[in-house]
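Below is one structure, written out as structure tokens, with a few remarks after it.
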Amino acid sequence: MKKRLLLFLIPILLFSGCTVSYKFNGASIDYTKVKTISILDFSNQATLVYGPLSQKFTECLKDMYSKQTKLRLVQRDGNLNIEGEIVGYDLTPMATQADGYASETRLTMTVNVRYSNSTKPEENFEERFSANRNFDASKMLESVQDELIEALDQEIAESIFNKTVANW
């Protein structure tokens, strides 16, 4: 009887003291010090203007932090602060065909970001983040724009997230 009890208790004792913690979002935030984040609206200062671009990008960025961290989103003066502007939204003809016309067009979006961390000021930065997507030049931008913007917003938001809280 004692042998069975020991065989049962030994694995429990061995494994009860060990814990493994994985963070699949990569965030490394000290929630005892950092509790809030403020993300100000990103204004659109690009020469090519698309009305919903600013709002879509800002909301994508807010969603990323809301879904992947325990930080509370506040209007201003969070422990972490992110602000900036969209400084580039450009179309560039890419691969040319035999007739000299472009077969693909590249849409590039560039965002200037200012980040401040009230608990670790040495992590503050100002940096530009860019992403681009190609689309068939025979299509009008208006027909693919929303789909492309969603992908660009997501890629840039992930880059900002990784730079600010993932410490990669």
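Letters A, B, ... go to the chains of the structure tokens in the order shown; residues in each chain start at 1; ligands are counted from 1 in the same order.
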Based on the backbone DSSP call, show me all residues of chain A assigned strand (DSSP E), as an MDAnalysis selection string.
chainID A and resid 36:39 43:44 72:73 80:93 104:117 125:136
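Among the candidates A:Gln145, A:Ser38, A:Ser103, A:Asn79, the one nearest to Tyr50 in chain A when counting only C-alpha atoms is A:Gln145.
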Please list as an NGL selection string every residue within 9 Å of range 58-75 of chain A, counting only C-alpha atoms and excluding residues in the same chain fewer than 5 positions away.
:A and (25-27 or 29 or 31 or 34-43 or 53 or 150 or 153-154 or 156-158 or 160-161)
Of the listed residues A:Asn124, A:Ser28, A:Thr119, A:Ser138, that which approaches Pro93 in chain A most closely, counting only C-alpha atoms
A:Ser138
Looking at only C-alpha atoms, which of A:Glu155, A:Glu142, A:Glu147, A:Asp136 is the one that sits closest to Glu104 in chain A?
A:Asp136
Nearest residue to Tyr115 in chain A out of A:Ile82, A:Ala151, A:Val49, A:Val165, using only C-alpha atoms?
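Among the listed residues, A:Ile82 lies closest to Tyr115 in chain A.
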Name the residues in contact with Ser116 in chain A at a cut-off of 8 Å, using only C-alpha atoms, excluding same-chain residues fewer than 5 positions from it; report them as an MDAnalysis selection string.
chainID A and resid 80:82 121 123:125
Would you please extract all alpha helix (DSSP H) residues from range 9-127 of chain A, as assigned by DSSP on the backbone, and give them as a PDB file with C-alpha atoms, in the first residue's frame?
```
ATOM      1  CA  LEU A   9       2.741  11.056  -4.775  1.00  0.00           C
ATOM      2  CA  ILE A  10       6.261  11.291  -6.248  1.00  0.00           C
ATOM      3  CA  PRO A  11       5.141  12.479  -9.712  1.00  0.00           C
ATOM      4  CA  ILE A  12       2.717  14.940  -8.143  1.00  0.00           C
ATOM      5  CA  LEU A  13       5.411  16.400  -5.900  1.00  0.00           C
ATOM      6  CA  LEU A  14       7.916  16.567  -8.742  1.00  0.00           C
ATOM      7  CA  PHE A  15       5.617  18.344 -11.149  1.00  0.00           C
ATOM      8  CA  SER A  16       3.697  20.556  -8.754  1.00  0.00           C
ATOM      9  CA  LEU A  53      -7.137  55.545 -43.628  1.00  0.00           C
ATOM     10  CA  SER A  54      -6.390  57.382 -40.387  1.00  0.00           C
ATOM     11  CA  GLN A  55      -9.317  55.911 -38.458  1.00  0.00           C
ATOM     12  CA  LYS A  56      -8.764  52.384 -39.773  1.00  0.00           C
ATOM     13  CA  PHE A  57      -5.094  52.396 -38.805  1.00  0.00           C
ATOM     14  CA  THR A  58      -5.674  53.874 -35.342  1.00  0.00           C
ATOM     15  CA  GLU A  59      -8.427  51.326 -34.605  1.00  0.00           C
ATOM     16  CA  CYS A  60      -6.255  48.436 -35.830  1.00  0.00           C
ATOM     17  CA  LEU A  61      -3.463  49.531 -33.486  1.00  0.00           C
ATOM     18  CA  LYS A  62      -5.836  49.915 -30.522  1.00  0.00           C
ATOM     19  CA  ASP A  63      -7.358  46.498 -31.222  1.00  0.00           C
ATOM     20  CA  MET A  64      -3.944  44.853 -31.241  1.00  0.00           C
ATOM     21  CA  TYR A  65      -3.039  46.152 -27.777  1.00  0.00           C
ATOM     22  CA  SER A  66      -6.530  45.479 -26.403  1.00  0.00           C
ATOM     23  CA  LYS A  67      -6.575  41.880 -27.598  1.00  0.00           C
ATOM     24  CA  GLN A  68      -2.974  40.917 -26.886  1.00  0.00           C
TER      25      GLN A  68
END
```
Can you pull out the residues contacting Leu148 in chain A? Cut-off 10 Å, using only C-alpha atoms, and skip same-chain residues under 5 positions away; I want them as a PyMOL selection string.
chain A and resi 107-108+132-135+141+143+153-154
Once you have the residues from the selection above, write them out as a short mmCIF file (atom, residue, chain, number, x, y, z; two decimals), in the first residue's frame, restricted to C-alpha atoms.
```cif
data_model
loop_
_atom_site.label_atom_id
_atom_site.label_comp_id
_atom_site.auth_asym_id
_atom_site.auth_seq_id
_atom_site.Cartn_x
_atom_site.Cartn_y
_atom_site.Cartn_z
CA LEU A 107 0.83 50.48 -52.50
CA THR A 108 3.15 51.57 -49.68
CA ASN A 132 3.65 47.49 -48.92
CA ARG A 133 1.50 45.25 -51.09
CA ASN A 134 1.45 44.73 -54.83
CA PHE A 135 -1.72 44.44 -56.88
CA LEU A 141 -7.02 51.15 -56.52
CA SER A 143 -11.48 48.10 -55.96
CA ASP A 153 -2.46 48.21 -41.11
CA GLN A 154 -2.01 44.76 -39.58
#
```
Point-to-point distance in Å for CA of Gly88 in chain A and CA of Arg106 in chain A:
12.7 Å
One number please: CA of Asp90 in chain A to CA of Leu48 in chain A, in Å, one decimal.
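Straight-line distance from CA of Asp90 in chain A to CA of Leu48 in chain A works out to 6.5 Å.
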